[in-house]
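Undergrad: Structure supplied as coords_15.pdb; contents: PDB, C-alpha atoms and all ligand atoms.
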MODEL        1
ATOM      1  CA  MET A   1     -42.528  44.991 104.212
ATOM      2  CA  ALA A   2     -43.385  42.622 101.367
ATOM      3  CA  ILE A   3     -41.559  43.420  98.130
ATOM      4  CA  ASP A   4     -43.813  43.453  95.080
ATOM      5  CA  ILE A   5     -43.085  41.867  91.753
ATOM      6  CA  GLU A   6     -41.970  44.511  89.226
ATOM      7  CA  ALA A   7     -44.952  46.033  87.404
ATOM      8  CA  GLY A   8     -43.379  45.283  84.021
ATOM      9  CA  GLN A   9     -42.914  41.623  84.880
ATOM     10  CA  LEU A  10     -46.502  41.294  86.073
ATOM     11  CA  GLN A  11     -47.777  42.997  82.950
ATOM     12  CA  ARG A  12     -45.753  40.714  80.672
ATOM     13  CA  TYR A  13     -46.881  37.633  82.583
ATOM     14  CA  ARG A  14     -50.529  38.691  82.245
ATOM     15  CA  VAL A  15     -50.272  39.528  78.554
ATOM     16  CA  ASP A  16     -47.705  37.001  77.289
ATOM     17  CA  GLY A  17     -47.777  34.279  79.956
ATOM     18  CA  PHE A  18     -44.051  34.556  80.678
ATOM     19  CA  PHE A  19     -41.153  36.888  81.341
ATOM     20  CA  LYS A  20     -37.392  36.510  81.388
ATOM     21  CA  ILE A  21     -34.980  37.823  83.995
ATOM     22  CA  ASP A  22     -31.455  38.259  82.663
ATOM     23  CA  SER A  23     -28.632  37.222  85.027
ATOM     24  CA  PHE A  24     -31.061  36.133  87.734
ATOM     25  CA  VAL A  25     -28.265  34.180  89.399
ATOM     26  CA  ASP A  26     -24.552  33.838  88.843
ATOM     27  CA  PRO A  27     -23.736  31.038  86.346
ATOM     28  CA  SER A  28     -21.947  29.223  89.186
ATOM     29  CA  VAL A  29     -25.385  28.425  90.679
ATOM     30  CA  GLY A  30     -26.320  26.357  87.651
ATOM     31  CA  GLN A  31     -22.834  24.870  87.493
ATOM     32  CA  ALA A  32     -23.230  23.614  91.080
ATOM     33  CA  MET A  33     -26.512  21.973  90.034
ATOM     34  CA  LEU A  34     -24.808  20.368  87.033
ATOM     35  CA  ASP A  35     -21.973  19.055  89.237
ATOM     36  CA  ASP A  36     -24.463  17.589  91.699
ATOM     37  CA  VAL A  37     -26.695  15.969  89.101
ATOM     38  CA  VAL A  38     -23.686  14.454  87.310
ATOM     39  CA  ASP A  39     -22.689  12.897  90.641
ATOM     40  CA  VAL A  40     -26.251  11.577  91.048
ATOM     41  CA  VAL A  41     -26.213  10.039  87.571
ATOM     42  CA  ARG A  42     -22.817   8.378  88.076
ATOM     43  CA  ARG A  43     -23.855   6.908  91.425
ATOM     44  CA  HIS A  44     -27.128   5.712  89.904
ATOM     45  CA  HIS A  45     -25.145   4.171  87.040
ATOM     46  CA  ARG A  46     -22.975   2.275  89.566
ATOM     47  CA  GLY A  47     -26.165   0.788  91.030
ATOM     48  CA  GLU A  48     -26.199   2.909  94.189
ATOM     49  CA  HIS A  49     -29.547   3.973  95.592
ATOM     50  CA  VAL A  50     -29.850   7.759  95.362
ATOM     51  CA  GLU A  51     -32.764   8.882  97.472
ATOM     52  CA  HIS A  52     -35.805  10.468  95.777
ATOM     53  CA  VAL A  53     -34.382  10.937  92.284
ATOM     54  CA  VAL A  54     -35.735   9.540  89.007
ATOM     55  CA  VAL A  55     -33.179   9.239  86.183
ATOM     56  CA  MET A  56     -34.520   9.134  82.613
ATOM     57  CA  PRO A  57     -32.238   8.091  79.731
ATOM     58  CA  GLU A  58     -32.628   9.320  76.171
ATOM     59  CA  ALA A  59     -35.027   6.949  74.395
ATOM     60  CA  GLN A  60     -34.621   8.028  70.794
ATOM     61  CA  PRO A  61     -33.435   5.141  68.636
ATOM     62  CA  ASP A  62     -30.779   7.092  66.718
ATOM     63  CA  PHE A  63     -29.251   8.723  69.781
ATOM     64  CA  ALA A  64     -25.473   8.406  69.670
ATOM     65  CA  ALA A  65     -23.864   9.658  72.846
ATOM     66  CA  ALA A  66     -21.126  12.189  72.185
ATOM     67  CA  GLY A  67     -19.095  10.913  75.126
ATOM     68  CA  GLU A  68     -18.543   7.831  77.267
ATOM     69  CA  MET A  69     -19.706   9.129  80.626
ATOM     70  CA  PRO A  70     -23.055   7.949  82.086
ATOM     71  CA  GLU A  71     -24.503  11.479  81.921
ATOM     72  CA  ASP A  72     -23.902  11.601  78.160
ATOM     73  CA  THR A  73     -26.904   9.288  77.638
ATOM     74  CA  ILE A  74     -29.296  10.948  80.080
ATOM     75  CA  SER A  75     -32.292  13.058  79.100
ATOM     76  CA  LYS A  76     -33.658  14.276  82.448
ATOM     77  CA  VAL A  77     -33.268  13.747  86.184
ATOM     78  CA  PHE A  78     -36.374  14.442  88.279
ATOM     79  CA  ARG A  79     -37.084  15.016  91.988
ATOM     80  CA  LEU A  80     -33.985  17.006  92.840
ATOM     81  CA  HIS A  81     -35.523  19.804  94.902
ATOM     82  CA  ARG A  82     -34.715  18.272  98.299
ATOM     83  CA  ARG A  83     -31.009  18.366  97.435
ATOM     84  CA  ARG A  84     -28.984  21.334  98.634
ATOM     85  CA  ALA A  85     -27.893  22.824  95.297
ATOM     86  CA  PHE A  86     -31.527  22.936  94.166
ATOM     87  CA  ALA A  87     -33.283  23.732  97.466
ATOM     88  CA  SER A  88     -31.015  26.734  97.985
ATOM     89  CA  PHE A  89     -31.903  28.141  94.554
ATOM     90  CA  LEU A  90     -35.602  28.012  95.463
ATOM     91  CA  ARG A  91     -34.889  29.952  98.648
ATOM     92  CA  ASN A  92     -33.517  32.948  96.771
ATOM     93  CA  PRO A  93     -35.273  36.017  98.312
ATOM     94  CA  ALA A  94     -35.681  37.470  94.825
ATOM     95  CA  LEU A  95     -38.142  34.649  94.053
ATOM     96  CA  VAL A  96     -40.465  35.591  96.912
ATOM     97  CA  PRO A  97     -42.314  38.503  95.259
ATOM     98  CA  ILE A  98     -42.503  36.568  91.990
ATOM     99  CA  MET A  99     -43.918  33.366  93.448
ATOM    100  CA  THR A 100     -46.266  35.014  95.958
ATOM    101  CA  SER A 101     -47.685  37.475  93.406
ATOM    102  CA  LEU A 102     -48.172  34.948  90.635
ATOM    103  CA  LEU A 103     -49.577  32.250  92.910
ATOM    104  CA  GLY A 104     -51.604  34.677  95.032
ATOM    105  CA  THR A 105     -50.488  33.102  98.291
ATOM    106  CA  ASP A 106     -47.501  32.983 100.594
ATOM    107  CA  ASP A 107     -48.004  29.279 101.371
ATOM    108  CA  ILE A 108     -46.169  27.566  98.549
ATOM    109  CA  ASP A 109     -44.915  24.067  97.665
ATOM    110  CA  CYS A 110     -42.433  22.990  95.040
ATOM    111  CA  PHE A 111     -43.851  19.798  93.523
ATOM    112  CA  LEU A 112     -41.637  19.150  90.496
ATOM    113  CA  SER A 113     -38.010  19.610  89.541
ATOM    114  CA  GLN A 114     -36.171  18.356  86.507
ATOM    115  CA  PHE A 115     -32.651  18.786  85.257
ATOM    116  CA  ILE A 116     -32.597  18.591  81.470
ATOM    117  CA  PHE A 117     -29.264  17.600  79.913
ATOM    118  CA  LYS A 118     -30.220  18.004  76.240
ATOM    119  CA  ASN A 119     -26.986  16.389  75.132
ATOM    120  CA  PRO A 120     -25.702  16.848  71.560
ATOM    121  CA  GLY A 121     -28.057  15.053  69.180
ATOM    122  CA  ALA A 122     -30.966  14.938  71.642
ATOM    123  CA  TRP A 123     -34.428  15.694  70.305
ATOM    124  CA  GLY A 124     -36.418  18.581  71.665
ATOM    125  CA  GLN A 125     -39.700  18.286  73.522
ATOM    126  CA  PRO A 126     -42.722  18.966  71.282
ATOM    127  CA  TRP A 127     -45.380  21.665  71.774
ATOM    128  CA  HIS A 128     -47.209  21.203  75.059
ATOM    129  CA  GLN A 129     -48.742  22.940  78.042
ATOM    130  CA  ASP A 130     -47.345  21.840  81.375
ATOM    131  CA  SER A 131     -50.822  21.786  82.929
ATOM    132  CA  TYR A 132     -51.591  18.803  80.708
ATOM    133  CA  TYR A 133     -49.327  16.874  83.098
ATOM    134  CA  PHE A 134     -50.829  18.459  86.239
ATOM    135  CA  PRO A 135     -54.340  17.149  87.041
ATOM    136  CA  PHE A 136     -54.639  19.264  90.171
ATOM    137  CA  ALA A 137     -57.439  20.845  92.150
ATOM    138  CA  PRO A 138     -57.376  23.745  91.762
ATOM    139  CA  SER A 139     -55.774  23.296  88.360
ATOM    140  CA  ARG A 140     -54.013  26.672  88.412
ATOM    141  CA  PRO A 141     -52.143  28.875  89.024
ATOM    142  CA  VAL A 142     -48.971  26.834  88.603
ATOM    143  CA  VAL A 143     -45.709  28.617  87.839
ATOM    144  CA  GLY A 144     -42.678  27.208  86.021
ATOM    145  CA  LEU A 145     -39.131  28.465  86.624
ATOM    146  CA  TRP A 146     -36.710  27.533  83.807
ATOM    147  CA  LEU A 147     -33.098  28.318  84.684
ATOM    148  CA  ALA A 148     -30.491  28.316  81.920
ATOM    149  CA  VAL A 149     -27.503  26.297  83.130
ATOM    150  CA  THR A 150     -25.698  26.644  79.805
ATOM    151  CA  GLU A 151     -26.383  29.030  76.978
ATOM    152  CA  ALA A 152     -29.634  28.184  75.142
ATOM    153  CA  THR A 153     -29.411  28.947  71.416
ATOM    154  CA  LEU A 154     -31.278  28.127  68.214
ATOM    155  CA  GLU A 155     -28.599  25.554  67.438
ATOM    156  CA  ASN A 156     -28.523  23.758  70.776
ATOM    157  CA  GLY A 157     -32.304  23.563  71.229
ATOM    158  CA  CYS A 158     -33.591  26.546  73.172
ATOM    159  CA  LEU A 159     -37.219  26.838  74.240
ATOM    160  CA  HIS A 160     -39.761  28.404  71.905
ATOM    161  CA  VAL A 161     -42.866  29.904  73.455
ATOM    162  CA  LEU A 162     -46.183  31.104  72.040
ATOM    163  CA  PRO A 163     -46.950  34.476  73.668
ATOM    164  CA  GLY A 164     -50.533  34.767  74.895
ATOM    165  CA  SER A 165     -51.249  31.038  74.669
ATOM    166  CA  HIS A 166     -51.546  30.834  78.471
ATOM    167  CA  ALA A 167     -55.076  32.187  77.933
ATOM    168  CA  GLU A 168     -55.989  28.929  76.155
ATOM    169  CA  PRO A 169     -57.551  25.986  77.968
ATOM    170  CA  VAL A 170     -55.448  22.833  78.085
ATOM    171  CA  HIS A 171     -55.591  21.473  74.554
ATOM    172  CA  THR A 172     -55.724  17.848  73.455
ATOM    173  CA  HIS A 173     -52.237  16.321  73.602
ATOM    174  CA  ILE A 174     -51.368  13.307  71.467
ATOM    175  CA  PRO A 175     -48.295  11.090  71.894
ATOM    176  CA  ASP A 176     -45.155  12.556  70.296
ATOM    177  CA  ARG A 177     -45.341  11.339  66.681
ATOM    178  CA  ARG A 178     -41.614  10.593  66.371
ATOM    179  CA  PRO A 179     -41.134   6.825  66.872
ATOM    180  CA  GLY A 180     -38.968   6.255  69.946
ATOM    181  CA  ALA A 181     -39.511   9.721  71.419
ATOM    182  CA  ASN A 182     -38.864  10.092  75.120
ATOM    183  CA  HIS A 183     -41.325   8.535  77.542
ATOM    184  CA  GLY A 184     -44.123  10.962  78.370
ATOM    185  CA  TYR A 185     -43.583  13.346  75.472
ATOM    186  CA  MET A 186     -46.973  14.507  74.216
ATOM    187  CA  GLU A 187     -47.784  17.151  71.653
ATOM    188  CA  ILE A 188     -50.394  19.699  70.684
ATOM    189  CA  ILE A 189     -51.278  19.626  66.993
ATOM    190  CA  ASP A 190     -54.540  21.602  66.971
ATOM    191  CA  HIS A 191     -53.186  25.125  67.386
ATOM    192  CA  ASP A 192     -51.453  27.690  65.174
ATOM    193  CA  MET A 193     -47.954  28.158  66.559
ATOM    194  CA  SER A 194     -46.830  30.682  63.933
ATOM    195  CA  GLY A 195     -46.508  33.461  66.540
ATOM    196  CA  GLN A 196     -43.809  31.518  68.398
ATOM    197  CA  VAL A 197     -40.675  33.233  69.647
ATOM    198  CA  PRO A 198     -37.386  31.602  70.642
ATOM    199  CA  SER A 199     -36.168  32.159  74.179
ATOM    200  CA  LEU A 200     -32.445  32.719  73.799
ATOM    201  CA  MET A 201     -30.755  32.583  77.162
ATOM    202  CA  GLN A 202     -27.412  32.916  78.878
ATOM    203  CA  PRO A 203     -26.334  30.843  81.896
ATOM    204  CA  GLY A 204     -28.070  32.262  84.979
ATOM    205  CA  ASP A 205     -31.050  33.735  83.062
ATOM    206  CA  LEU A 206     -34.475  32.680  84.328
ATOM    207  CA  LEU A 207     -37.719  32.224  82.390
ATOM    208  CA  VAL A 208     -40.857  32.458  84.552
ATOM    209  CA  PHE A 209     -43.921  31.008  82.825
ATOM    210  CA  ASP A 210     -47.558  30.072  83.273
ATOM    211  CA  SER A 211     -48.405  26.364  83.171
ATOM    212  CA  HIS A 212     -50.895  26.943  80.326
ATOM    213  CA  LEU A 213     -48.238  28.590  78.117
ATOM    214  CA  MET A 214     -47.648  26.557  74.957
ATOM    215  CA  HIS A 215     -43.955  25.874  74.511
ATOM    216  CA  ARG A 216     -41.544  23.407  72.976
ATOM    217  CA  SER A 217     -37.823  22.974  72.588
ATOM    218  CA  THR A 218     -35.980  22.090  69.400
ATOM    219  CA  ASP A 219     -33.324  19.454  68.755
ATOM    220  CA  ASN A 220     -29.771  19.996  69.877
ATOM    221  CA  VAL A 221     -27.843  20.042  66.619
ATOM    222  CA  SER A 222     -24.739  21.575  68.203
ATOM    223  CA  ASP A 223     -21.800  19.637  69.588
ATOM    224  CA  GLY A 224     -22.306  20.884  73.148
ATOM    225  CA  ILE A 225     -24.764  20.242  75.955
ATOM    226  CA  ARG A 226     -27.795  22.560  76.452
ATOM    227  CA  ALA A 227     -28.553  22.124  80.126
ATOM    228  CA  ALA A 228     -31.446  23.655  82.073
ATOM    229  CA  MET A 229     -33.092  23.206  85.444
ATOM    230  CA  VAL A 230     -36.866  23.516  85.687
ATOM    231  CA  PHE A 231     -38.933  23.866  88.872
ATOM    232  CA  HIS A 232     -42.715  24.053  89.261
ATOM    233  CA  VAL A 233     -44.437  25.642  92.227
ATOM    234  CA  ALA A 234     -48.070  25.819  93.334
ATOM    235  CA  ALA A 235     -50.136  26.810  96.346
ATOM    236  CA  ALA A 236     -49.764  24.589  99.386
ATOM    237  CA  GLY A 237     -52.877  22.463  99.806
ATOM    238  CA  THR A 238     -53.264  21.866  96.074
ATOM    239  CA  VAL A 239     -54.687  18.374  95.574
ATOM    240  CA  ASP A 240     -52.669  16.231  93.180
ATOM    241  CA  ARG A 241     -55.275  14.061  91.416
ATOM    242  CA  THR A 242     -52.805  12.133  89.244
ATOM    243  CA  GLU A 243     -53.721   8.804  90.860
ATOM    244  CA  ASP A 244     -57.483   9.368  90.371
ATOM    245  CA  VAL A 245     -56.958  10.279  86.738
ATOM    246  CA  LEU A 246     -54.219   7.836  85.701
ATOM    247  CA  GLY A 247     -54.724   5.044  88.251
ATOM    248  CA  ARG A 248     -51.220   5.523  89.684
ATOM    249  CA  PRO A 249     -49.454   8.340  91.494
ATOM    250  CA  SER A 250     -47.096  10.553  89.543
ATOM    251  CA  PRO A 251     -43.603   9.027  89.549
ATOM    252  CA  VAL A 252     -42.031  12.469  89.365
ATOM    253  CA  ASN A 253     -44.132  14.794  91.510
ATOM    254  CA  ASP A 254     -42.808  15.347  95.040
ATOM    255  CA  TRP A 255     -44.769  17.930  97.060
ATOM    256  CA  VAL A 256     -42.321  19.692  99.356
ATOM    257  CA  PRO A 257     -43.224  22.744 101.483
ATOM    258  CA  LEU A 258     -41.253  25.771 100.318
ATOM    259  CA  MET A 259     -42.908  28.752 102.036
ATOM    260  CA  ARG A 260     -45.334  29.075 104.891
ATOM    261  CA  ALA A 261     -46.830  32.453 105.829
ATOM    262  CA  GLY A 262     -44.242  34.118 103.630
ATOM    263  CA  ALA A 263     -41.215  32.517 105.287
ATOM    264  CA  PHE A 264     -39.074  29.840 103.707
ATOM    265  CA  VAL A 265     -39.366  26.372 105.220
ATOM    266  CA  ASP A 266     -35.917  25.001 106.155
TER     267      ASP A 266
HETATM  268  O1  LIG B   1     -36.036  22.501  78.104
HETATM  269  C1  LIG B   1     -36.555  21.715  77.335
HETATM  270  O2  LIG B   1     -35.927  21.162  76.438
HETATM  271  C2  LIG B   1     -38.026  21.398  77.471
HETATM  272  C3  LIG B   1     -38.552  21.821  78.782
HETATM  273  C4  LIG B   1     -40.020  21.868  78.839
HETATM  274  O3  LIG B   1     -40.680  21.936  77.861
HETATM  275  C5  LIG B   1     -40.681  21.854  80.127
HETATM  276  O4  LIG B   1     -39.999  21.858  81.151
HETATM  277  O5  LIG B   1     -41.917  21.823  80.167
ENDMDL
END
Take the structure I supplied and represent it as structure tokens, if you would.

TA:
Amino acid sequence: MAIDIEAGQLQRYRVDGFFKIDSFVDPSVGQAMLDDVVDVVRRHHRGEHVEHVVVMPEAQPDFAAAGEMPEDTISKVFRLHRRRAFASFLRNPALVPIMTSLLGTDDIDCFLSQFIFKNPGAWGQPWHQDSYYFPFAPSRPVVGLWLAVTEATLENGCLHVLPGSHAEPVHTHIPDRRPGANHGYMEIIDHDMSGQVPSLMQPGDLLVFDSHLMHRSTDNVSDGIRAAMVFHVAAAGTVDRTEDVLGRPSPVNDWVPLMRAGAFVD
């Protein structure tokens, strides 16, 4: 028998555009992801070819790495969801009722995954809606899964979300106004964000959010890393129109079957 999403979660998703699940997984799950992505970054740094992945360094001009290891200078690593530590997270049975209810189908692909290091001193990502980056047909529903790998606090640059903003259309996004901001950072400046709330999280907590939800993260002004792993899922058969719109395919999207007829794809 199919398990349903909890009524309270569904209600919060409909009203606010997100909900949080405390202790969704043991912190060791995120630690295994961190270990794997650090290995990826070090191999990439040595000039080895690491299949699928895209490694993005911090671009900000004043960024001073707190350490000497290759990962200390990295902002994000994309396209990780074919790797075991990440693929196994997505196959957690507890995600089935969430994904199938929110996407309205049991044929589901994961198309985007990104590990965010948010090293000490790294800037946050400005206000945006993820659907700005997803020129798909149909354009929604698309669900984001943000897993806290470390604690996320006001000091180390947690997410801030604007409850109810998922009901907005995709707003105009302008390039991040900070000179030298990370490649691809765009921001919304035409909306009142005063109702924002911080999303304080512990390792293993999961934020589930709608791709129209306005959110940002703040700068990491602590002396520790604020790591998170973010996945995006959509209905199988969704047409990715990035190439039609931008004249080139997305360098980070990687459509991988996750569920078919309610069963996980190996
Ligand atoms: O975690 C962050 O710092 C930003 C993540 C984010 O905004 C996103 O994944 O869309």

Undergrad: At a cut-off of 6 Å and counting all atoms listed in the file, what residues surround ligand LIG 1 (chain B)? Please answer as a short mmCIF file (atom, residue, chain, number, x, y, z; two decimals) with C-alpha atoms, in the coordinates of the input.

TA:
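Output (selection.cif):
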data_model
loop_
_atom_site.label_atom_id
_atom_site.label_comp_id
_atom_site.auth_asym_id
_atom_site.auth_seq_id
_atom_site.Cartn_x
_atom_site.Cartn_y
_atom_site.Cartn_z
CA GLY A 124 -36.42 18.58 71.67
CA GLN A 125 -39.70 18.29 73.52
CA ASP A 130 -47.34 21.84 81.38
CA LEU A 159 -37.22 26.84 74.24
CA ARG A 216 -41.54 23.41 72.98
CA SER A 217 -37.82 22.97 72.59
CA VAL A 230 -36.87 23.52 85.69
#

Undergrad: Atom CA of A:Phe78 and atom CA of A:Val208 are how many Å apart?

TA: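 Here the two named atoms are 18.9 Å from each other.
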
Undergrad: Name all residues at most 8 Å from A:Pro57 (count only C-alpha atoms; drop same-chain ones fewer than 4 positions away) and give them as a VMD selection string.

TA: chain A and resid 73 to 76

Undergrad: Take the selection from the previous step and output its residues with C-alpha atoms, as a PDB file, in the coordinates of the input.

TA:
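Listed below is the output, selection_9.pdb:
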ATOM      1  CA  THR A  73     -26.904   9.288  77.638  1.00  0.00           C
ATOM      2  CA  ILE A  74     -29.296  10.948  80.080  1.00  0.00           C
ATOM      3  CA  SER A  75     -32.292  13.058  79.100  1.00  0.00           C
ATOM      4  CA  LYS A  76     -33.658  14.276  82.448  1.00  0.00           C
TER       5      LYS A  76
END

Undergrad: With all atoms listed in the file as the atoms that count, which of A:Pro257, A:Pro179, A:Pro135, A:Gly104 lies nearest to A:Asp244?

TA: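 Under the stated criterion, the closest residue is A:Pro135.
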
Undergrad: Counting all atoms listed in the file, what are the residues of stretch 139-198 of chain A within 12 Å of stretch 204-207 of chain A, and for each of them which pair of atoms is the nearest and at what distance in Å, to one decimal? Sort the table by chain and rising number, as CSV.

TA:
residue,atom,partner,partner_atom,distance
A:Val143,CA,A:Leu207,CA,10.3
A:Gly144,CA,A:Leu207,CA,7.9
A:Leu145,CA,A:Leu207,CA,5.8
A:Trp146,CA,A:Leu207,CA,5.0
A:Leu147,CA,A:Leu206,CA,4.6
A:Ala148,CA,A:Gly204,CA,5.5
A:Val149,CA,A:Gly204,CA,6.3
A:Thr150,CA,A:Gly204,CA,8.0
A:Glu151,CA,A:Gly204,CA,8.8
A:Ala152,CA,A:Asp205,CA,9.8
A:Cys158,CA,A:Leu207,CA,11.6
A:Leu159,CA,A:Leu207,CA,9.8
A:His160,CA,A:Leu207,CA,11.3
A:Val161,CA,A:Leu207,CA,10.6
A:Pro198,CA,A:Leu207,CA,11.8

Undergrad: Atom CA of A:Pro163 to atom CA of A:Phe24: how many Å, to one decimal?

TA: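 A separation of 21.3 Å between them.
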
Undergrad: Pick from A:Leu246, A:Tyr133, A:Asp240, A:Pro120: nearest to A:Ala66, with only C-alpha atoms counted?

TA: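 Closest residue, counting only C-alpha atoms: A:Pro120.
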
Undergrad: List as a PyMOL selection string the protein and nucleic acid residues near A:Lys118, meaning an atom at most 6 Å away when all atoms listed in the file are counted, but skip any in the same chain fewer than 6 places from it.

TA: chain A and resi 225-227

Undergrad: Quick one: which residues end up in the PyMOL selection byres (((chain A and resi 209) around 12) and not hetatm) for this structure, as a VMD selection string?

TA: chain A and resid 9 to 10 12 to 21 98 to 99 102 to 103 129 to 131 141 to 147 159 to 166 199 206 to 208 210 to 215 230 to 233

Undergrad: Can you list, as a ChimeraX atom specification, every protein, DNA or RNA residue that comes within 9 Å of A:Leu90 when you count only C-alpha atoms, leaving out same-chain residues fewer than 6 positions away?

TA: /A:81,110,231,258

Undergrad: Going by the chain IDs and residue numbers used in this file, which residues fall under the PyMOL selection byres (((chain A and resi 96) around 12) and not hetatm)? Write them as a VMD selection string.

TA: chain A and resid 2 to 6 89 to 95 97 to 108 233 258 to 264
